[in-house]
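Quick look at model38.txt (compact mmCIF, C-alpha atoms):
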```txt
# COMPACT_ATOMS: atom_id res chain seq x y z
CA MET A 2 131.70 -50.99 -14.64
CA GLN A 3 132.20 -48.28 -17.21
CA LEU A 4 129.56 -47.71 -19.89
CA GLY A 5 129.26 -45.18 -22.64
CA MET A 6 125.74 -43.86 -23.33
CA ILE A 7 124.75 -42.09 -26.52
CA GLY A 8 121.29 -40.55 -26.47
CA LEU A 9 120.37 -38.59 -23.37
CA GLY A 10 116.68 -38.05 -23.84
CA ARG A 11 114.33 -38.67 -20.96
CA MET A 12 114.90 -42.40 -20.85
CA GLY A 13 118.63 -42.47 -21.69
CA ALA A 14 119.37 -39.74 -19.15
CA ASN A 15 117.48 -41.57 -16.40
CA MET A 16 119.30 -44.80 -17.23
CA VAL A 17 122.59 -42.96 -16.75
CA ARG A 18 121.35 -41.55 -13.44
CA ARG A 19 120.38 -45.03 -12.24
CA LEU A 20 123.76 -46.44 -13.27
CA VAL A 21 125.73 -43.62 -11.61
CA ARG A 22 123.68 -44.04 -8.42
CA GLY A 23 124.49 -47.75 -8.60
CA GLY A 24 128.22 -47.04 -8.62
CA HIS A 25 128.96 -47.36 -12.34
CA GLU A 26 131.04 -44.91 -14.35
CA CYS A 27 129.18 -43.44 -17.33
CA VAL A 28 130.66 -41.51 -20.22
CA VAL A 29 127.91 -39.65 -22.06
CA PHE A 30 127.37 -38.04 -25.45
CA ASP A 31 124.34 -36.42 -27.04
CA ARG A 32 123.83 -34.02 -29.91
CA SER A 33 122.46 -31.64 -27.25
CA ALA A 34 125.37 -30.19 -25.28
CA ALA A 35 122.89 -29.13 -22.57
CA ASN A 36 121.97 -32.77 -21.93
CA VAL A 37 125.65 -33.70 -21.61
CA THR A 38 126.29 -30.78 -19.24
CA ALA A 39 123.31 -31.68 -17.06
CA LEU A 40 124.46 -35.28 -16.58
CA SER A 41 128.06 -34.19 -16.04
CA LYS A 42 126.81 -32.22 -13.02
CA GLU A 43 125.26 -35.46 -11.72
CA GLY A 44 128.43 -37.54 -11.86
CA ALA A 45 128.71 -38.68 -15.47
CA THR A 46 131.72 -37.87 -17.64
CA GLY A 47 130.67 -35.74 -20.58
CA ALA A 48 132.08 -35.68 -24.09
CA GLY A 49 131.65 -33.00 -26.74
CA SER A 50 132.26 -35.24 -29.76
CA LEU A 51 132.13 -38.91 -30.68
CA ALA A 52 135.92 -39.05 -30.90
CA GLU A 53 136.25 -37.58 -27.39
CA PHE A 54 133.52 -39.94 -26.15
CA VAL A 55 135.32 -43.04 -27.46
CA ALA A 56 138.69 -41.78 -26.18
CA LYS A 57 137.28 -41.50 -22.63
CA LEU A 58 136.16 -45.15 -22.63
CA LYS A 59 138.53 -47.88 -21.49
CA ALA A 60 139.03 -50.81 -23.86
CA PRO A 61 137.24 -53.05 -24.36
CA ARG A 62 134.51 -50.44 -24.69
CA ALA A 63 130.79 -50.92 -24.06
CA ILE A 64 128.58 -48.36 -25.80
CA TRP A 65 124.81 -48.18 -25.32
CA LEU A 66 122.75 -46.42 -27.99
CA MET A 67 119.51 -44.95 -26.67
CA VAL A 68 118.50 -43.27 -29.92
CA PRO A 69 115.48 -43.57 -32.22
CA ALA A 70 115.46 -46.70 -34.39
CA ALA A 71 115.70 -44.53 -37.50
CA VAL A 72 119.19 -43.30 -36.55
CA VAL A 73 120.74 -46.48 -35.15
CA ASP A 74 122.49 -47.39 -38.42
CA ALA A 75 123.89 -43.88 -38.84
CA SER A 76 125.07 -43.90 -35.21
CA ILE A 77 126.80 -47.24 -35.69
CA ASN A 78 128.40 -46.07 -38.94
CA ASP A 79 129.79 -43.01 -37.16
CA LEU A 80 131.13 -45.12 -34.27
CA VAL A 81 132.70 -48.09 -36.05
CA PRO A 82 135.77 -46.25 -37.41
CA LEU A 83 136.58 -45.21 -33.82
CA LEU A 84 136.20 -48.69 -32.31
CA ALA A 85 138.42 -51.76 -32.08
CA SER A 86 137.99 -55.51 -31.95
CA GLY A 87 136.60 -56.53 -28.56
CA ASP A 88 134.37 -53.47 -28.21
CA LEU A 89 130.61 -53.85 -28.12
CA ILE A 90 127.56 -51.85 -29.09
CA ILE A 91 124.17 -52.15 -27.38
CA ASP A 92 121.00 -50.94 -29.07
CA GLY A 93 118.47 -50.14 -26.36
CA GLY A 94 115.71 -48.97 -28.67
CA ASN A 95 112.87 -50.46 -30.67
CA SER A 96 114.79 -51.71 -33.68
CA TYR A 97 113.23 -54.27 -35.97
CA TYR A 98 114.81 -57.64 -35.16
CA VAL A 99 115.83 -58.22 -38.78
CA ASP A 100 117.90 -55.02 -38.60
CA ASP A 101 119.51 -56.28 -35.39
CA ILE A 102 120.50 -59.56 -37.07
CA ARG A 103 122.03 -57.64 -40.00
CA ARG A 104 123.94 -55.30 -37.66
CA ALA A 105 125.21 -58.14 -35.49
CA THR A 106 126.52 -60.00 -38.54
CA ALA A 107 128.26 -56.93 -39.99
CA LEU A 108 129.84 -55.95 -36.67
CA LYS A 109 130.96 -59.50 -35.86
CA ALA A 110 133.11 -59.41 -39.01
CA LYS A 111 134.93 -56.43 -37.45
CA GLY A 112 135.31 -58.17 -34.06
CA ILE A 113 132.66 -55.95 -32.45
CA ASP A 114 129.84 -57.56 -30.48
CA TYR A 115 126.27 -56.31 -30.88
CA ILE A 116 123.63 -56.72 -28.22
CA ASP A 117 119.97 -55.90 -28.74
CA VAL A 118 118.35 -54.79 -25.49
CA GLY A 119 114.76 -53.75 -25.92
CA THR A 120 114.23 -51.44 -22.95
CA SER A 121 110.98 -50.44 -21.34
CA GLY A 122 110.21 -48.56 -18.18
CA GLY A 123 109.92 -45.03 -19.46
CA ILE A 124 110.71 -42.18 -17.13
CA TRP A 125 109.63 -44.33 -14.15
CA GLY A 126 112.54 -46.69 -14.72
CA LEU A 127 114.83 -44.39 -12.75
CA ASP A 128 113.05 -45.37 -9.53
CA ARG A 129 111.39 -48.67 -10.43
CA GLY A 130 113.98 -50.22 -12.74
CA TYR A 131 113.78 -51.18 -16.39
CA CYS A 132 112.53 -54.25 -18.17
CA LEU A 133 115.34 -55.46 -20.42
CA MET A 134 114.81 -57.91 -23.28
CA ILE A 135 118.40 -58.96 -23.98
CA GLY A 136 119.70 -60.74 -27.05
CA GLY A 137 123.28 -61.24 -28.15
CA PRO A 138 126.38 -63.40 -27.78
CA GLN A 139 126.38 -65.09 -24.38
CA ALA A 140 129.88 -63.95 -23.39
CA ALA A 141 129.10 -60.33 -24.30
CA VAL A 142 125.84 -60.42 -22.35
CA ARG A 143 127.57 -61.91 -19.30
CA ARG A 144 130.22 -59.20 -19.49
CA LEU A 145 127.46 -56.63 -19.00
CA ASP A 146 125.56 -58.44 -16.24
CA PRO A 147 126.47 -55.79 -13.60
CA ILE A 148 125.01 -53.08 -15.85
CA PHE A 149 121.85 -55.07 -16.53
CA ARG A 150 121.38 -55.88 -12.84
CA THR A 151 121.65 -52.22 -11.88
CA LEU A 152 119.22 -51.09 -14.57
CA ALA A 153 116.67 -53.79 -13.75
```
Translate the structure described by the file into structure tokens.
Amino acid sequence: MQLGMIGLGRMGANMVRRLVRGGHECVVFDRSAANVTALSKEGATGAGSLAEFVAKLKAPRAIWLMVPAAVVDASINDLVPLLASGDLIIDGGNSYYVDDIRRATALKAKGIDYIDVGTSGGIWGLDRGYCLMIGGPQAAVRRLDPIFRTLA
């Protein structure tokens, strides 16, 4: 599958590495160009802007946010104008569940699915796999089963 990953810190970068090693195609974006360049050398497709990132993803797009909870709303607000009905956004961080319910409701009105995937495993997840606590519309979750299987 193809997945877009925003947020290439230690955990997000290792998740991309695990996915690429598992045969998935990852398009990556981070505010640090060095992080994008590093993962591009390991098989990911880098993007220098959000618009370029979204353009490199095939519709319907799947975008995973691996950013601090404090910037999830801003990240979503920046992405939504670039997305279309049928796309989906995954929040892999530690967002408060009430915020996830609000986001899911707002995005559903635009035809965009929202999946909350609390992710644990730290830097060891690259080798051991990640624990994924998945919540969202059943069809959207099933669509991403190959991604979840590879990460776990």
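The nearest approach to Ser121 in chain A among the residues A:Asn95, A:Ala105, A:Leu51, A:Arg143, with all atoms listed in the file taken into account, belongs to A:Asn95.
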Protein, DNA and RNA residues within 12 Å of (127.2, -36.5, -11.0), all atoms listed in the file, as an MDAnalysis selection string: chainID A and resid 14 17:29 37:47
Of the listed residues A:Ala70, A:Ile124, A:Ala60, A:Leu83, that which approaches Asp100 in chain A most closely, counting all atoms listed in the file: A:Ala70
Kindly give the distance, in Å, that separates CA of Ala107 in chain A and CA of Asp74 in chain A, rounded to a single decimal. 11.3 Å
Tell me which of A:Val55, A:Met16, A:Ile113, A:Ile7 sits closest to Val68 in chain A, counting only C-alpha atoms. A:Ile7
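For the pair CA of Tyr98 in chain A and CA of Leu133 in chain A, the separation is 14.9 Å.
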Residues near Asn15 in chain A, cut-off 10 Å, only C-alpha atoms, skip fewer than 6 positions along chain, as a PDB file with C-alpha atoms, in the frame of the given file:
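Everything below was put into part.pdb:
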```pdb
ATOM      1  CA  LEU A   9     120.370 -38.590 -23.370  1.00  0.00           C
ATOM      2  CA  VAL A  21     125.730 -43.620 -11.610  1.00  0.00           C
ATOM      3  CA  LEU A  40     124.460 -35.280 -16.580  1.00  0.00           C
ATOM      4  CA  GLY A 123     109.920 -45.030 -19.460  1.00  0.00           C
ATOM      5  CA  ILE A 124     110.710 -42.180 -17.130  1.00  0.00           C
ATOM      6  CA  TRP A 125     109.630 -44.330 -14.150  1.00  0.00           C
ATOM      7  CA  GLY A 126     112.540 -46.690 -14.720  1.00  0.00           C
ATOM      8  CA  LEU A 127     114.830 -44.390 -12.750  1.00  0.00           C
ATOM      9  CA  ASP A 128     113.050 -45.370  -9.530  1.00  0.00           C
ATOM     10  CA  LEU A 152     119.220 -51.090 -14.570  1.00  0.00           C
TER      11      LEU A 152
END
```
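With distances taken over all atoms listed in the file, A:Leu108 is the one residue among A:Pro138, A:Ile116, A:Leu108, A:Asp31 lying closest to Val81 in chain A.
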